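S.K.: To start, I am sharing the structure in question, which I have written as structure tokens.
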Amino acid sequence: MKYDFKQIEAKWQDRWEESGIFHASDDFSKPKFYGLIEFPYPSGAGMHVGHIKAYSGLEVISRKRRMQGYNVLYPIGFDAFGLPTENYAIKTGTHPRQVTDKNIERFTGQLKRVGFSFDWTRTVDTTEESYYKWTQWIFLKMFENGLVFRDTALVNYCPSCKVVLSNEDSQGGKCDICHSDIVQKSKDVWYLRITKYADKLLSGLDSVDYLPNIKMQQVNWIGKSTGAFVNFKLSVADEKLRIYTTRPDTLFGVTFMVMAPEHPLLEKYADRIANYADVVNYREECAKKTEFERTQLVKDKTGVKIEGIAAINPINGKEIPIFISDYVMMGYGTGAIMAVPAHDDRDYDFAKKFGIDIIEVIKGGDISKAAYTESGEMVNSDFLNGYTDKATSIAAMIKYLEEKGIGEEGVQFKMKDWAFNRQRYWGEPIPIVHCEKCGMVAVPYEELPLRLPNVTEFAPGEGGESPLAKIEEYVNCKCPKCGGAAKRETDTMPQWAGSSWYFLRYIDPHNSEAIAAPQKLNYWMPVDWYNGGMEHVTRHMIYSRFWHKFLYDIGVVNTEEPYAKRTAQGLILGPDGDKMSKSKGNVVDPNDTVDEYGADVLRVYILFMGDYASAAPWSESSVRGCKRFIERVAELPSLVKGSGVTPQLESKFHKTVKKVSQDIEELKFNTAIAAMMSLVNDIEAHGSITSDELMTFVRLLCPFAPHICEEMWEQNGGSGFCSLAPWPEYDEAKTVDATVEIAVQINGKMRSVILVPAKAEKDEAIAIAKMDEKIIAAIEGKNIVKEIYVPGRIVNIVVR
RNA sequence: GCGGGCGUGGCGAAAUUGGCAUACGCGCAAGAUUUAGGAUCUUGUGAAGCAAUUCAUGCAGGUUCAAGUCCUGUCGCCCGCACCA
């Protein structure tokens with residue numbers, strides 16, 4: 001068969017589209033498989049081969065599931081709101097709608113050329129009114145349920161994008177989008193109370209099958225810590241200074257207190273603080289520092305001692321000084337700490353710098369040199385003296401604190417509430433109206449979608465306000481409650497909103513009455529397998545798990561967790577081994593590879609490159625190797641002869657079917673393909689193949705290289721589509737050879753190879769080994785000390 | 001600093017989980033075919049040696065009949081979190 005991939009691939013892509021064989025059906029009697037990939041952001045750069053890799057894993061799984069008889073939902077869509085599109089619109093004056101449509105068209109074309117088995121009838125686009133209506137609907141439900149609040153806060157602000165960012169979007173003090181330095185700015189912020197779900201987000205991880213490193217990152221991000229809150233009295237007033245600590249058992253070692261420079265008690269007692277001017281000065285200096293400087297660069301301890309107010313250690317009545325320092329954050333715990341310099345590195349540095357006492361309460365280190373942070377025997381600690389176990393001494397102290405009413409057990413999370421608004425045009429309008437009389441009022445559900453007005457100016461205002469603020473007919477409205485004059489919220493939602501629930505919309509994408517029909521949700525959820533990039537493991541995944549858990553709590557969905565299983569693919573690096581980027585010019589466009597080698601070759605190569613989860617550089621010559629493989633596969637029909645199959649080749653077939661079937665489930669596509677290559681080598685060496693075997697092989701390869709397989713299936717008398725033909729079965733008995741080659745070692749060194757029956761007993765195997773010439777020579781005249789036989793593996797004779 | 005992972009030919013990588021190290025592919029070499037080759041096919045290909053053999057999984061030890069795999073130490077790289085109290 002001549003391998004004309006252009007003709008073959010176009011032909012089958014057309015047939016698949018016409019026949020609709022990849023459309024999921026709502027036949028609830030069949031077992032279902034919902035495979036989900038992260039829908040792309042349709043950027044102007046088009047897709048690169050990394051996208052293709054991200055979708056190829058579940059593509060193979062989904063195709064295999066269809067052949068196994070499952071009702072498969074493998075959908076695709078576009079996460080199209082966002083800054084890059086808007087920035088492009090500002091630069092070129094093109095409307096973001098037009099830019100988005102153009103980019104989606106281009107992405108769609110690229111995806112179709114690769115022959116992905118997506119259900120194209122269920123495509124979603126987060127920027128369509130029929131979609132964002134429901135994004136707004138969920139927001140209003142959250143508003144209704146007290147999960148939305150507004151606050152003035154110091155926020156991460158990107159001066160270049162003129163936008164407020166969540167902590168997640170400003171990691172390392174850099175803007176996630178333009179990489180400018182983030183500054184702290186006081187602003188009105190809409191928050192989603194994700195912290196209310198912190199515990200559920202953490203405990204839910206026990207019931208899902210995520211790769212261990214994915215779980216770990218989420219656990220880390222949620223950052224639960226257990227400890228205690230302790231109230232310290234102030235010397236000047238009947239006022240408590242409340243702190244959080246994970247080591248309440250070190251309370252006897254406290255020699256000073258530290259408050260965050262922004263701590264509200266400072267202002268409250270300003271008139272009692274003798275050096276209040278210094279405090280204000282220090283606070284202003286700190287505010288100038290970016291988060292990055294404050295947390296990364298300047299680890300040298302700075303601070304100011306509060307004159308005129310001290311704290312009383314509630315456990316021993318000692319008066320201790322209070323400092324302010326920027327190593328204590330207002331955003332974590334209570335914004336104040338008890339400092340135990342003997343057993344905390346940061347407190348130790350601070351105490352050394354300011355000449356404060358250091359009292360050892362845990363034995364084991366040398367506190368004249370450094371803080372001792374390991375565990376050990378408690379000393380100088382009254383009733384805790386002699387305790388050696390950390391958990392018991394903490395429990396004893398908490399018990400004491402609670403009895404005396406000076407503190408209690410407590411839990412803290414690193415995760416903060418989700419800053420949810422952006423001063424931008426290209427996002428979902430926040431459906432809230434500000435009324436002078438009624439306050440914040442929700443737009444009534446029946447008025448959704450609250451449409452994004454058509455504008456011509458997309459740039460944010462100099463004051464950082466949304467472009468929507470300039471449109472008077474949008475801003476001015478009537479209060480839905482009292483009917484009086486009111487103003488609309490002009491901020492929009494962040495990029496992460498639309499992607500927090502898209503997997504639900506695929507289930508019923510054209511439903512105008514609900515997110516999706518309940519019986520369909522019940523059938524399809526949860527997502528059986530979700531694959532995506534490691535970069536989305538903490539943001540998108542945590543946000544969407546939060547939304548899903550909320551929807552569960554209000555009875556919209558029937559599963560607590562959206563994703564039953566989550567895996568991640570590794571990057572494809574440029575041919576130079578660097579991360580692909582436009583600026584380096586090392587981006588590989590899948591279209592180029594499809595043009596030159598064909599979609600099947602591209603697919604096989606991407607999965608053959610190496611471990612699916614690891615990064616690997618692109619290699620053009622290795623692509624050619626995969627082309628050779630596909631071409632040799634295309635020639636297999638010429639080897640079909642009526643008979644003449646050897647037991648060895650038959651066994652190899654069964655072994656290969658078994659290996660490929662198993663490897664696919666473990667995302668070990670590289671070894672699955674290697675096994676098929678090896679089988680082709682053996683077939684060629686043998687010189688013939690039966691028609692049945694050919695058809696088995698074609699079905700086995702079909703999820704990887706579906707176009708050529710469909711063609712061969714048709715040419716060789718297969719009925720229907722190969723893509724729907726039954727997945728090959730194997731006979732376990734036939735994967736085992738009757739005789740096996742095993743190695744013979746003398747004293748653990750390989751000396752020979754013998755052929756023994758697979759079921760040989762120890763005596764038989766050793767007897768055969770001792771007849772081997774090389775072995776005879778090796779053991780001649782020596783004492784046999786020990787004989788080891790591992791069936792099917794090895795014989796080892798120990799001699800002296 | 002804390003947490004996780006990795007280190008195997010010239011290259012991408014395998015290794016049934018303690019049992020023939022280097023499968024599969026690339027590259028390279030020789031040959032065939034070709035007007036030509038960045039095409040195709042055949043053969044060879046960890047290193048040293050004429051050989052039998054010996055040495056090879058970052059480095060140094062250890063356990064074991066047997067170690068890429070387990071243990072101890074050490075070096076190097078990658079990722080995540082990070083003044084989180």
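The chains in the structure tokens are called A, B, ... from first to last as shown; in each chain the residues are counted from 1, and the ligands are counted from 1 in the order shown.
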Could you pull the residues within 9 Å of A67 in chain B, counting only C-alpha atoms (C1' of nucleotides), minus those fewer than 3 positions along the same chain, as a VMD selection string?
M.R.: chain B and resid 18 64 70
S.K.: Include C-alpha atoms (C1' of nucleotides) and write out the residues we just selected as a PDB file, in the first residue's frame.
M.R.:
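Okay, again01.pdb is ready:
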ATOM      1  C1'   G B  18      16.570  -7.373  43.758  1.00  0.00           C
ATOM      2  C1'   U B  64      23.135  -9.802  49.390  1.00  0.00           C
ATOM      3  C1'   C B  70      17.854  -1.651  48.980  1.00  0.00           C
TER       4        C B  70
END
S.K.: Please determine the contact residues of chain B with respect to chain A at a cut-off of 10 Å, counting only C-alpha atoms (C1' of nucleotides), and supply them as number ranges by chain.
M.R.: B: 1, 3-5, 11-14, 19-20, 23-27, 38, 40, 65-66, 79-85
S.K.: Can you list, as a list in words, every protein, DNA or RNA residue that comes within 12 Å of Ser661 in chain A when you count only C-alpha atoms (C1' of nucleotides), leaving out same-chain residues fewer than 5 positions away?
M.R.: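 Result of the neighbour search: Val60, Ile61, Lys64, Arg65, Met67, Gln68, His654, Lys655, Thr656, Glu666, Leu667, Lys668, Phe669, Thr671, Ala672, Ile673, Ala675, Met676, Arg699, Leu700, Leu701, Pro703, Trp727, Pro728, Glu729 and Tyr730 of chain A.
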S.K.: Selected residues, N, CA and C atoms, written as a short mmCIF file (atom, residue, chain, number, x, y, z; two decimals), in the first residue's frame, please.
M.R.:
data_model
loop_
_atom_site.label_atom_id
_atom_site.label_comp_id
_atom_site.auth_asym_id
_atom_site.auth_seq_id
_atom_site.Cartn_x
_atom_site.Cartn_y
_atom_site.Cartn_z
N VAL A 60 -5.37 9.09 23.40
CA VAL A 60 -5.14 7.65 23.27
C VAL A 60 -6.06 6.89 24.23
N ILE A 61 -6.14 7.38 25.47
CA ILE A 61 -7.00 6.72 26.46
C ILE A 61 -8.46 6.73 25.98
N LYS A 64 -9.03 4.37 23.16
CA LYS A 64 -9.04 2.99 23.65
C LYS A 64 -10.38 2.70 24.34
N ARG A 65 -10.87 3.63 25.15
CA ARG A 65 -12.13 3.43 25.86
C ARG A 65 -13.30 3.22 24.89
N MET A 67 -13.11 1.91 21.97
CA MET A 67 -12.97 0.56 21.41
C MET A 67 -13.34 -0.49 22.46
N GLN A 68 -13.27 -0.10 23.72
CA GLN A 68 -13.66 -1.02 24.79
C GLN A 68 -15.16 -0.93 25.08
N HIS A 654 0.49 -11.77 21.56
CA HIS A 654 -0.26 -11.72 22.83
C HIS A 654 0.47 -10.86 23.85
N LYS A 655 1.78 -11.00 23.88
CA LYS A 655 2.57 -10.18 24.80
C LYS A 655 2.43 -8.70 24.47
N THR A 656 2.45 -8.40 23.19
CA THR A 656 2.39 -7.00 22.79
C THR A 656 1.03 -6.40 23.11
N GLU A 666 -1.07 3.43 32.14
CA GLU A 666 -0.08 4.08 33.00
C GLU A 666 0.60 5.26 32.31
N LEU A 667 0.05 5.69 31.18
CA LEU A 667 0.63 6.79 30.39
C LEU A 667 2.04 6.47 29.91
N LYS A 668 2.37 5.17 29.81
CA LYS A 668 3.70 4.81 29.33
C LYS A 668 3.64 4.55 27.82
N PHE A 669 3.32 5.62 27.11
CA PHE A 669 3.12 5.50 25.67
C PHE A 669 4.42 5.17 24.95
N THR A 671 6.89 3.20 25.84
CA THR A 671 7.20 1.78 25.81
C THR A 671 6.13 1.00 25.05
N ALA A 672 4.89 1.51 25.05
CA ALA A 672 3.85 0.86 24.25
C ALA A 672 4.24 0.92 22.77
N ILE A 673 4.70 2.09 22.33
CA ILE A 673 5.09 2.23 20.93
C ILE A 673 6.33 1.38 20.64
N ALA A 675 7.10 -1.36 21.98
CA ALA A 675 6.68 -2.76 21.88
C ALA A 675 6.09 -3.04 20.50
N MET A 676 5.34 -2.07 19.97
CA MET A 676 4.75 -2.27 18.65
C MET A 676 5.83 -2.23 17.56
N ARG A 699 -5.73 -2.52 15.06
CA ARG A 699 -6.56 -2.00 16.15
C ARG A 699 -5.72 -1.52 17.33
N LEU A 700 -4.62 -2.23 17.54
CA LEU A 700 -3.74 -1.88 18.65
C LEU A 700 -3.07 -0.52 18.43
N LEU A 701 -2.74 -0.25 17.19
CA LEU A 701 -2.05 1.00 16.87
C LEU A 701 -3.03 2.16 16.67
N PRO A 703 -5.32 3.92 18.31
CA PRO A 703 -5.39 5.13 19.14
C PRO A 703 -4.22 6.08 18.92
N TRP A 727 -11.46 -3.45 21.05
CA TRP A 727 -10.05 -3.43 21.47
C TRP A 727 -9.54 -4.87 21.55
N PRO A 728 -8.34 -5.14 21.01
CA PRO A 728 -7.83 -6.52 20.97
C PRO A 728 -7.71 -7.13 22.37
N GLU A 729 -8.00 -8.42 22.40
CA GLU A 729 -7.86 -9.16 23.66
C GLU A 729 -6.59 -10.00 23.56
N TYR A 730 -6.11 -10.42 24.69
CA TYR A 730 -4.97 -11.33 24.65
C TYR A 730 -5.26 -12.51 25.56
#
S.K.: When you look at Ser500 in chain A with a cut-off of 9 Å (counting only C-alpha atoms (C1' of nucleotides)), what residues show up, excluding the ones that are within fewer than 2 positions of it in the same chain? I need them as a ChimeraX atom specification.
M.R.: /A:135,496-498,502-503,540-548
S.K.: Looking only at the backbone, which of the residues in range 347-379 of chain A does DSSP tag as strand (DSSP E or B), as a ChimeraX atom specification?
M.R.: /A:362-363,365,378
S.K.: Using C-alpha atoms, can you export the residues from the last selection as a PDB file, in the first residue's frame?
M.R.:
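Contents of the output file part-v1.pdb:
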ATOM      1  CA  ILE A 362      14.312  22.781  74.768  1.00  0.00           C
ATOM      2  CA  LYS A 363      17.565  20.962  75.437  1.00  0.00           C
ATOM      3  CA  GLY A 365      21.366  22.617  70.907  1.00  0.00           C
ATOM      4  CA  MET A 378      11.810  20.671  77.955  1.00  0.00           C
TER       5      MET A 378
END
S.K.: Work out how far apart CA of Lys133 in chain A and CA of Ile432 in chain A are and give it in Å to one decimal.
M.R.: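 CA of Lys133 in chain A sits 13.6 Å away from CA of Ile432 in chain A.
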S.K.: DSSP on the backbone: which residues in range 427-468 of chain A end up as helix (DSSP H, G or I)? Give the answer as a PyMOL selection string.
M.R.: chain A and resi 445-447+467-468
S.K.: In Å, with one decimal, what is the gap from CA of His510 in chain A to CA of Pro449 in chain A?
M.R.: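 Computing it gives 14.7 Å between the two atoms.
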S.K.: Quick check, in Å to one decimal: how far apart do CA of Thr490 in chain A and CA of Leu468 in chain A lie?
M.R.: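 About the pair CA of Thr490 in chain A and CA of Leu468 in chain A: they are 5.3 Å apart.
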S.K.: When you look at G7 in chain B with a cut-off of 10 Å (counting only C-alpha atoms (C1' of nucleotides)), what residues show up, excluding the ones that are within fewer than 3 positions of it in the same chain? I need them as a list in words.
M.R.: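 Residues meeting the cut-off are U57, G58, G76 and C77 of chain B.
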S.K.: Please produce a file of the residues just selected, as a compact mmCIF listing (two decimals), in the first residue's frame, where the atoms kept are C-alpha atoms (C1' of nucleotides).
M.R.:
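What ended up in part_22.txt:
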# COMPACT_ATOMS: atom_id res chain seq x y z
C1' U B 57 24.19 2.93 35.60
C1' G B 58 27.27 10.79 39.14
C1' G B 76 25.59 17.75 40.79
C1' C B 77 20.95 19.12 38.36
S.K.: Which residues are near Thr593 in chain A? Cut-off 8 Å, only C-alpha atoms (C1' of nucleotides), ignore same chain within fewer than 5 positions. Put them as a ChimeraX atom specification.
M.R.: /A:598-599,602
S.K.: When you look at Ala419 in chain A with a cut-off of 12 Å (counting only C-alpha atoms (C1' of nucleotides)), what residues show up, excluding the ones that are within fewer than 6 positions of it in the same chain? I need them as a compact mmCIF listing (two decimals) with C-alpha atoms, in the first residue's frame.
M.R.:
# COMPACT_ATOMS: atom_id res chain seq x y z
CA VAL A 148 -18.55 37.11 48.18
CA PHE A 149 -17.39 40.14 50.09
CA ARG A 150 -15.83 43.47 49.38
CA ASP A 151 -13.00 45.01 51.29
CA THR A 152 -10.40 47.70 51.03
CA ALA A 153 -7.06 46.07 51.23
CA LEU A 154 -3.47 46.27 50.28
CA VAL A 155 -3.43 44.35 47.08
CA ASN A 156 -0.92 43.09 44.60
CA TYR A 157 -1.10 45.61 41.81
CA VAL A 163 -4.73 45.46 37.33
CA VAL A 164 -5.12 43.87 40.76
CA LEU A 165 -3.78 40.36 40.98
CA SER A 166 -4.47 37.50 43.35
CA ASN A 167 -1.59 36.13 45.38
CA GLU A 168 -1.57 33.17 43.07
CA ASP A 169 -1.05 35.44 40.07
CA SER A 170 1.81 37.41 41.60
CA LYS A 187 -7.92 49.21 46.63
CA ASP A 188 -11.50 48.06 46.77
CA VAL A 189 -11.40 44.37 46.18
CA TRP A 190 -14.04 41.74 45.60
CA TYR A 191 -13.14 38.53 47.37
CA LEU A 192 -14.41 35.01 47.12
CA ARG A 193 -14.26 33.36 50.52
CA ILE A 194 -12.28 30.33 49.39
CA THR A 195 -10.77 30.02 52.87
CA ASP A 491 -14.91 45.58 37.24
CA THR A 492 -14.88 42.22 35.56
CA MET A 493 -13.99 38.75 36.76
CA PRO A 494 -10.47 37.31 36.51
CA GLN A 495 -9.41 34.87 33.83
CA TRP A 496 -9.83 31.97 36.25
CA ALA A 497 -13.58 32.38 36.57
CA TYR A 543 -10.29 27.33 42.22
S.K.: Go through B:U17, B:G10, B:U45, B:C2 one by one, measure the shortest atom-to-atom distance of each to U69 in chain B using only C-alpha atoms (C1' of nucleotides), and give the residue with the smallest value.
M.R.: B:U17
S.K.: Kindly indicate which residue among A:Pro637, A:Pro341, A:Pro647, A:Gly427 lies nearest to Ile689 in chain A, using only C-alpha atoms for the distances.
M.R.: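 Going through A:Pro637, A:Pro341, A:Pro647, A:Gly427 one by one, the smallest distance to Ile689 in chain A is for A:Pro637.
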S.K.: Measuring atom to atom with only C-alpha atoms, identify which of A:Thr250, A:Asn316, A:Thr92, A:Asn476 is nearest to Leu384 in chain A.
M.R.: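 That would be A:Thr250, the residue with the smallest distance to Leu384 in chain A.
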S.K.: My list of candidates is A:Met771, A:Ala274, A:Ala370, A:Leu452. Which is closest to Pro467 in chain A when distances are computed with only C-alpha atoms?
M.R.: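 Among the listed residues, the smallest separation from Pro467 in chain A belongs to A:Leu452.
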